[in-house]
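Here is the structure we will look at, set down as structure tokens.
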Amino acid sequence: MNARSLFVPLGIFLALVVTLAVGFRLDDPHKLPSELIDRPFPAFSLPSLADQAQTLTEASLTGEIALVNVWATWCAACVIEHPELMRIAREEGLPIYGINYNDDVDKARQWLVRYDNPYRTVIVDGEGRLAIDLGVYGAPETFVIDEKGVIQYRHVGVVSRDIFDTTLRPVIDVLRSRQAAIEPS
Amino acid sequence: MIPELGHFALILALCLSCCLAVLPMVGVQQQRASLMMLGGALSSGVFIFCALSYAALTWSFMVDDFSVSYVAANSNSALPAHFKFSAVWGAHEGSFLLWTLIMAGWTFAVACLSRSLTLVMRARVLAVMGFLTVGFLLFMLLTSNPFTRSLPVPPQEGADLNPLLQDVGLIVHPPMLYMGYVGLSVPFAFAIAALLGGRLDSAWARWSRPWTNAAWAFLTIGITLGSFWAYYELGWGGWWFWDAVENASFMPWLVATALIHSLAATEKRGVFKSWTVLLAIAAFSFSLLGAFLVRSGVLTSVHTFAVDPERGVFILGFMTLVVGGSLLLYALRAGRTHTVVAFDYLSRETLLLINNVLLVVATLAILLGTIYPLIYEALMGGAKLSVGPPYFNAVFVPLAMLLLVAMAISPGSQWRSGSVGRLLRRQWLYVPLSLVVSTAVLSGYETFSMGTAIALVLAVWVLFNLIEDLWRHIANKRDKLRAIFAQSPSWYGMWIAHLGIAVAVVGVAMTEAFSEERDVRMEAGDVVSVAGYDFRFDGVRLAEGPNYVADRGAVFVTRNGTPVVTMFPEKRRYLARGNVMTEAALHGSILRDLYVALGEPVGDSAWAVRVHVKPMVRWIWFGGLLITVGGLITLADRRYRHRLRREAVVGAELAT
């Protein structure tokens with residue numbers, strides 16, 4: 001047999017691997033949709049969980065570097081990340097805004113009483129409109145926004161101590177140093 | 001505590017399998033028999049710790065330990081015990097633990113049953129299998145640990161096993177399929193070992209054959225059970241959907257089928273060596289590809305597990321390493337084998353070559369159809385597209401028919417030489433006879449397609465040739481009845497497996513052509529007639545199962561006024577997840593299946609009811625069963641064991 005033809009199967013296989021790798025990358029649900037980075041937070045006008053008469057808008061999230069966390073009572077993984085959110089709110093000096101997504105208002109309030117409340121304010125997104133604008137795949141998801149409300153980072157899935165330290169903290173540190181450079185206090 | 005022990009056992013298994021992958025190879029390199037001999041002991045160790053780990057997970061399921069996330073996600077305290085047992089492989093993590101256990105099991109089996117191999121060969125084979133086990137264990141520990149706890153607040157109750165999987169067929173289907181997938185790693189390891197040693201001889205082919213046959217038989221029964229399960233559990237009445245995951249199991253099966261035939265030629269005649277090695281590598285590569293397609297979520301299908309990119313990346317990397325490495329080794333080494341064995345154009349070798357080419361072309365066509373959506377997505381920048389059954393039927397059916405032609409004339413063929421006269425000996429009789437028999441069968445029906453007719457004729461033609469083959473084996477014996485039972489297991493296996501193919505083809509042709517189906521709105525007392533059967537709907541009652549409530553319909557079936565059966569299709573609502581499942585009612589016999597499924601309630605008292613009458617559909621799975629039995633029978637052939645012992649030359653290769 002021709003020695004070169006023996007390489008044909010290897011060639012076919014490598015072409016297959018490239019196809020699979022490309023197809024796989026396209027489908028990667030954890031990939032940040034590029035259109036969201038450096039865009040201002042989508043406009044919304046929704047009630048607050050604590051006081052439904054009060055209306056919150058995208059302007060309510062500005063002023064400080066903060067996390068925006070999408071959660072729900074039906075989300076089992078939200079219970080898992082809850083202690084880390086409590087720690088961040090307590091120790092990192094970072095406000096967390098909650099978006100209560102496709103949920104029952106009474107259940108959501110009970111949930112926060114039962115597990116404790118890490119959120120500065122909770123936006124009630126009963127129909128999931130805001131979540132659609134944010135391109136949310138499911139709860140939990142966490143966004144990092146800067147003091148102007150511009151989205152800087154998006155994390156899909158549970159925030160653990162490990163993930164906070166390795167992925168969110170570097171983003172926040174960059175934002176903080178930038179902020180410090182602009183307005184030296 | 002027990003889950004932690006399971007986790008720990010997995011880690012120990014990983015350590016031992018690392019040793020297994022390395023030490024025997026070092027032994028071969030340094031020509032140290034003591035290191036080479038370690039393979040056996042290390043294989044046992046890996047197997048024992050995988051088994052312990054598996055037992056720990058099963059235990060967690062049996063005692064409802066919902067602090068283990070995997071148990072909480074896939075079980076429920078109301079789940080019946082046998083389903084708790086099978087729920088272990090109900091989702092990704094546990095099923096991969098089963099996969100790894102089976103891998104360790106095959107390695108252990110090779111270690112136990114191959115003492116007659118040369119020391120070097122045995123060391124290499126076990127080391128290759130050890131290397132694969134390392135990959136699987138790493139994958140599990142790094143990305144898919146089934147023992148992860150959800151502490152400190154464990155759920156009070158589990159989310160329940162996916163109701164689709166709460167079925168006896170599903171208890172058996174995945175283990176059988178995995179036995180097949182993973183079993184193909186044995187001929188793969190033999191092929192790699194032979195390439196490393198630079199010796200592709202008939203001894204290597206003979207060693208590979210029983211293992212290939214065993215793995216192939218398991219794969220066959222796994223696919224058959226899967227098809228049967230889809231038929232009665234999914235509620236659509238279909239038996240094959242050309243779904244990406246079905247294709248993922250069908251491709252290794254086709255390649256393994258080619259391998260079985262090619263190995264026969266390599267063993268008996270010393271031909272096609274480098275081709276056979278390539279098939280052995282390809283068969284296992286398709287297993288890995290199947291694992292990637294199913295577990296990475298790259299293709300959507302009813303079977304896919306939850307999407308996790310990390311897992312996909314790992315499997316893709318592992319597959320690239322294993323398959324790419326093997327093919328590189330193949331490209332560098334296989335050229336050294338020169339075959340100088342001549343054979344005629346009309347010999348058995350040629351027929352086997354035709355068989356191989358057809359099977360490989362069919363596999364590549366299915367591969368193209370399966371990943372075409374990915375290629376399209378990549379080229380068109382994310383546009384989605386799916387390739388449906390029309391494509392697969394259009395490419396596979398003609399190839400399958402050509403295969404049947406080769407299969408029909410193959411029993412009359414001879415090794416090395418042949419002539420037109422010999423090949424076509426009695427075909428002047430069998431072809432018209434097949435036409436007559438098929439016409440007689442089809443005459444009962446008003447319309448049928450050309451495809452049906454051709455498939456039926458071919459299947460009957462195969463049958464006539466098989467009968468002639470049987471006759472040829474006993475014709476010159478005095479006691480013919482005794483001679484029937486005195487053939488070699490290899491021959492029985494071939495005969496029964498070929499019979500199984502013919503039976504399955506008849507089933508496919510008849511079912512596809514003559515199934516009748518009606519979707520009707522029925523109130524209590526309504527009667528619908530389908531294919532000569534009258535189905536009377538007697539209304540719906542509430543029924544309660546252990547973890548579900550059901551609307552249970554009663555359908556009284558008569559034929560020409562004679563009662564046939566009362567059928568009870570159900571619409572179940574599983575309490576833990578709230579899923580609604582259709583549980584179709586079946587009444588099967590050799591010649592036809594009656595199939596009734598409840599749809600949705602329409603108005604106050606009426607229901608949408610789907611009624612099928614499917615002629616000879618069971619022949620498909622009965623054929624699959626025959627093929628499996630055929631594959632298993634060949635294992636009894638003493639030839640494999642006897643000659644092995646004679647050729648066992650311990651250490652003879654050391655000098656080379």
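Ligands are numbered from 1 in the order shown, chains are lettered A, B, ... in the order of the structure tokens, and residues start at 1 in each chain.
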(Q) as a VMD selection string, please: the residues near Leu46 in chain A (cut-off 12 Å, only C-alpha atoms, same-chain neighbours under 2 positions excluded). (A) chain A and resid 43 to 44 48 to 49 51 to 60 99 to 101 121 to 131
Q | Residue neighbourhood Asp593 in chain B, 7 Å, only C-alpha atoms, exclusion window fewer than 5 positions, as a ChimeraX atom specification | A | /B:586-588,613-615,617
(Q) For a test of reading the model, state the distance in Å between CA of Ala459 in chain B and CA of Ala280 in chain B, rounded to one decimal. (A)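 If I compute the distance from CA of Ala459 in chain B to CA of Ala280 in chain B, I get 28.8 Å.
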Q | Selection: 6 Å around Gly98 in chain A, only C-alpha atoms, excl. self and same-chain fewer than 6 positions, as a list in words | A | Val68, Asn69, Val70, Tyr119 and Val122 of chain A
Restricted to C-alpha atoms, what would the selected residues look like written as an mmCIF file, in the first residue's frame?
```cif
data_model
loop_
_atom_site.group_PDB
_atom_site.id
_atom_site.type_symbol
_atom_site.label_atom_id
_atom_site.label_comp_id
_atom_site.auth_asym_id
_atom_site.auth_seq_id
_atom_site.Cartn_x
_atom_site.Cartn_y
_atom_site.Cartn_z
ATOM 1 C CA VAL A 68 -26.814 41.951 39.663
ATOM 2 C CA ASN A 69 -27.971 38.474 40.521
ATOM 3 C CA VAL A 70 -30.847 36.682 38.791
ATOM 4 C CA TYR A 119 -29.710 41.990 48.310
ATOM 5 C CA VAL A 122 -34.840 43.110 44.620
#
```
Q: Report as a PyMOL selection string: the residues of chain A with a DSSP assignment of helix (DSSP H, G or I), based on the backbone of this structure.
A: chain A and resi 4-27+34-36+58-61+76-91+105-115+129-134+161-182
Q: Quote the spacing between CA of Asp165 in chain A and CA of Pro154 in chain B in Å to one decimal place.
A: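 Separation of CA of Asp165 in chain A and CA of Pro154 in chain B: 25.4 Å.
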Q) Could you state the separation of CA of Val528 in chain B and CA of Ser227 in chain B in Å, given to one decimal place? A) 28.1 Å
Surrounding residues of range 189-198 of chain B excluding itself and chain neighbours under 4 positions, 6 Å, only C-alpha atoms, as a short mmCIF file (atom, residue, chain, number, x, y, z; two decimals) with N, CA and C atoms, in the first residue's frame:
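Output file out_19.cif follows:
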```
data_model
loop_
_atom_site.label_atom_id
_atom_site.label_comp_id
_atom_site.auth_asym_id
_atom_site.auth_seq_id
_atom_site.Cartn_x
_atom_site.Cartn_y
_atom_site.Cartn_z
N ARG B 124 1.08 -5.15 26.73
CA ARG B 124 0.70 -3.99 25.92
C ARG B 124 -0.81 -3.78 25.89
N VAL B 125 -1.54 -4.89 25.70
CA VAL B 125 -3.00 -4.78 25.62
C VAL B 125 -3.55 -4.19 26.93
N VAL B 128 -2.75 -0.48 27.29
CA VAL B 128 -3.60 0.40 26.47
C VAL B 128 -4.96 0.56 27.14
N SER B 185 -13.24 -1.52 22.98
CA SER B 185 -11.89 -1.10 23.36
C SER B 185 -10.94 -2.30 23.37
N VAL B 277 -6.83 -3.65 10.96
CA VAL B 277 -6.35 -2.83 12.07
C VAL B 277 -7.06 -1.49 12.07
#
```
Q) Got a sec: who's within 12 Å of Val68 in chain B, counting only C-alpha atoms, leaving out chain neighbours fewer than 3 positions off, as a PyMOL selection string? A) chain B and resi 1-4+6-7+56-61+63-65+71-75+88+93-94+145-158
**Q.** Distance query range 85-89 of chain A at most 8 Å, only C-alpha atoms, self and fewer than 3 positions along chain excluded, as a PyMOL selection string
**A.** chain A and resi 81-82+92-96+117-119+159
Can those selected residues be exported to a file as a PDB file, in the first residue's frame so that it contains N, CA and C atoms?
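part11.pdb written:
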```pdb
ATOM      1  N   GLU A  81     -25.741  28.879  46.021  1.00  0.00           N
ATOM      2  CA  GLU A  81     -24.860  30.036  45.946  1.00  0.00           C
ATOM      3  C   GLU A  81     -25.189  31.085  47.013  1.00  0.00           C
ATOM      4  N   HIS A  82     -26.337  30.917  47.678  1.00  0.00           N
ATOM      5  CA  HIS A  82     -26.788  31.923  48.621  1.00  0.00           C
ATOM      6  C   HIS A  82     -25.759  32.291  49.690  1.00  0.00           C
ATOM      7  N   GLU A  92     -17.241  42.009  51.167  1.00  0.00           N
ATOM      8  CA  GLU A  92     -16.572  42.609  50.017  1.00  0.00           C
ATOM      9  C   GLU A  92     -16.983  44.060  49.789  1.00  0.00           C
ATOM     10  N   GLY A  93     -17.961  44.534  50.545  1.00  0.00           N
ATOM     11  CA  GLY A  93     -18.411  45.909  50.360  1.00  0.00           C
ATOM     12  C   GLY A  93     -18.980  46.139  48.972  1.00  0.00           C
ATOM     13  N   LEU A  94     -19.639  45.111  48.446  1.00  0.00           N
ATOM     14  CA  LEU A  94     -20.144  45.174  47.081  1.00  0.00           C
ATOM     15  C   LEU A  94     -21.670  45.028  47.148  1.00  0.00           C
ATOM     16  N   PRO A  95     -22.417  46.017  46.707  1.00  0.00           N
ATOM     17  CA  PRO A  95     -23.875  45.843  46.743  1.00  0.00           C
ATOM     18  C   PRO A  95     -24.321  44.805  45.720  1.00  0.00           C
ATOM     19  N   ILE A  96     -25.337  44.036  46.070  1.00  0.00           N
ATOM     20  CA  ILE A  96     -25.900  43.052  45.133  1.00  0.00           C
ATOM     21  C   ILE A  96     -27.364  43.411  44.900  1.00  0.00           C
ATOM     22  N   ASN A 117     -31.343  37.824  53.651  1.00  0.00           N
ATOM     23  CA  ASN A 117     -31.395  38.633  52.436  1.00  0.00           C
ATOM     24  C   ASN A 117     -30.048  39.278  52.116  1.00  0.00           C
ATOM     25  N   PRO A 118     -29.379  38.846  51.040  1.00  0.00           N
ATOM     26  CA  PRO A 118     -28.103  39.453  50.676  1.00  0.00           C
ATOM     27  C   PRO A 118     -28.282  40.686  49.779  1.00  0.00           C
ATOM     28  N   TYR A 119     -29.507  40.988  49.349  1.00  0.00           N
ATOM     29  CA  TYR A 119     -29.710  41.990  48.310  1.00  0.00           C
ATOM     30  C   TYR A 119     -29.980  43.371  48.876  1.00  0.00           C
ATOM     31  N   VAL A 159     -22.339  31.159  41.705  1.00  0.00           N
ATOM     32  CA  VAL A 159     -21.122  31.856  42.113  1.00  0.00           C
ATOM     33  C   VAL A 159     -20.622  31.196  43.401  1.00  0.00           C
TER      34      VAL A 159
END
```
Q: Using DSSP on the backbone, list every residue of range 306-536 of chain B that comes out as strand (DSSP E), and give them as a list in words.
A: Glu516, Glu517, Arg518, Asp519, Val520, Arg521, Met522, Val527, Val528, Ser529, Val530, Tyr533, Asp534, Phe535 and Arg536 of chain B
Quick one: write out the picked residues with N, CA, C and O atoms as a PDB file, in the first residue's frame?
```pdb
ATOM      1  N   GLU B 516     -51.059   0.443   9.637  1.00  0.00           N
ATOM      2  CA  GLU B 516     -52.188   1.362   9.513  1.00  0.00           C
ATOM      3  C   GLU B 516     -52.344   2.112  10.811  1.00  0.00           C
ATOM      4  O   GLU B 516     -52.105   1.590  11.895  1.00  0.00           O
ATOM      5  N   GLU B 517     -52.758   3.365  10.681  1.00  0.00           N
ATOM      6  CA  GLU B 517     -52.751   4.235  11.838  1.00  0.00           C
ATOM      7  C   GLU B 517     -53.939   5.171  11.751  1.00  0.00           C
ATOM      8  O   GLU B 517     -54.212   5.720  10.690  1.00  0.00           O
ATOM      9  N   ARG B 518     -54.658   5.337  12.854  1.00  0.00           N
ATOM     10  CA  ARG B 518     -55.772   6.294  12.854  1.00  0.00           C
ATOM     11  C   ARG B 518     -55.698   7.135  14.114  1.00  0.00           C
ATOM     12  O   ARG B 518     -55.481   6.621  15.205  1.00  0.00           O
ATOM     13  N   ASP B 519     -55.874   8.430  13.982  1.00  0.00           N
ATOM     14  CA  ASP B 519     -56.032   9.319  15.126  1.00  0.00           C
ATOM     15  C   ASP B 519     -57.491   9.734  15.163  1.00  0.00           C
ATOM     16  O   ASP B 519     -57.957  10.389  14.236  1.00  0.00           O
ATOM     17  N   VAL B 520     -58.193   9.327  16.205  1.00  0.00           N
ATOM     18  CA  VAL B 520     -59.623   9.617  16.228  1.00  0.00           C
ATOM     19  C   VAL B 520     -60.055  10.194  17.576  1.00  0.00           C
ATOM     20  O   VAL B 520     -59.418   9.976  18.605  1.00  0.00           O
ATOM     21  N   ARG B 521     -61.140  10.931  17.537  1.00  0.00           N
ATOM     22  CA  ARG B 521     -61.754  11.453  18.750  1.00  0.00           C
ATOM     23  C   ARG B 521     -62.803  10.431  19.155  1.00  0.00           C
ATOM     24  O   ARG B 521     -63.673  10.061  18.349  1.00  0.00           O
ATOM     25  N   MET B 522     -62.703   9.922  20.373  1.00  0.00           N
ATOM     26  CA  MET B 522     -63.623   8.854  20.760  1.00  0.00           C
ATOM     27  C   MET B 522     -64.309   9.170  22.075  1.00  0.00           C
ATOM     28  O   MET B 522     -63.692   9.644  23.025  1.00  0.00           O
ATOM     29  N   VAL B 527     -66.670   3.142  18.263  1.00  0.00           N
ATOM     30  CA  VAL B 527     -65.881   2.052  17.690  1.00  0.00           C
ATOM     31  C   VAL B 527     -65.112   2.586  16.480  1.00  0.00           C
ATOM     32  O   VAL B 527     -65.652   3.343  15.687  1.00  0.00           O
ATOM     33  N   VAL B 528     -63.828   2.209  16.363  1.00  0.00           N
ATOM     34  CA  VAL B 528     -63.079   2.550  15.162  1.00  0.00           C
ATOM     35  C   VAL B 528     -62.499   1.262  14.589  1.00  0.00           C
ATOM     36  O   VAL B 528     -62.073   0.378  15.332  1.00  0.00           O
ATOM     37  N   SER B 529     -62.529   1.131  13.267  1.00  0.00           N
ATOM     38  CA  SER B 529     -62.007  -0.083  12.626  1.00  0.00           C
ATOM     39  C   SER B 529     -60.698   0.228  11.927  1.00  0.00           C
ATOM     40  O   SER B 529     -60.629   1.165  11.137  1.00  0.00           O
ATOM     41  N   VAL B 530     -59.685  -0.551  12.241  1.00  0.00           N
ATOM     42  CA  VAL B 530     -58.388  -0.388  11.591  1.00  0.00           C
ATOM     43  C   VAL B 530     -57.880  -1.764  11.190  1.00  0.00           C
ATOM     44  O   VAL B 530     -57.791  -2.666  12.039  1.00  0.00           O
ATOM     45  N   TYR B 533     -59.579  -4.847  12.499  1.00  0.00           N
ATOM     46  CA  TYR B 533     -59.843  -4.937  13.928  1.00  0.00           C
ATOM     47  C   TYR B 533     -60.791  -3.822  14.332  1.00  0.00           C
ATOM     48  O   TYR B 533     -60.664  -2.688  13.849  1.00  0.00           O
ATOM     49  N   ASP B 534     -61.755  -4.134  15.220  1.00  0.00           N
ATOM     50  CA  ASP B 534     -62.658  -3.104  15.741  1.00  0.00           C
ATOM     51  C   ASP B 534     -62.237  -2.733  17.156  1.00  0.00           C
ATOM     52  O   ASP B 534     -62.166  -3.598  18.037  1.00  0.00           O
ATOM     53  N   PHE B 535     -61.946  -1.460  17.365  1.00  0.00           N
ATOM     54  CA  PHE B 535     -61.523  -0.969  18.679  1.00  0.00           C
ATOM     55  C   PHE B 535     -62.678  -0.202  19.301  1.00  0.00           C
ATOM     56  O   PHE B 535     -63.096   0.825  18.774  1.00  0.00           O
ATOM     57  N   ARG B 536     -63.230  -0.710  20.427  1.00  0.00           N
ATOM     58  CA  ARG B 536     -64.322   0.005  21.120  1.00  0.00           C
ATOM     59  C   ARG B 536     -63.765   0.677  22.357  1.00  0.00           C
ATOM     60  O   ARG B 536     -63.153   0.033  23.212  1.00  0.00           O
TER      61      ARG B 536
END
```
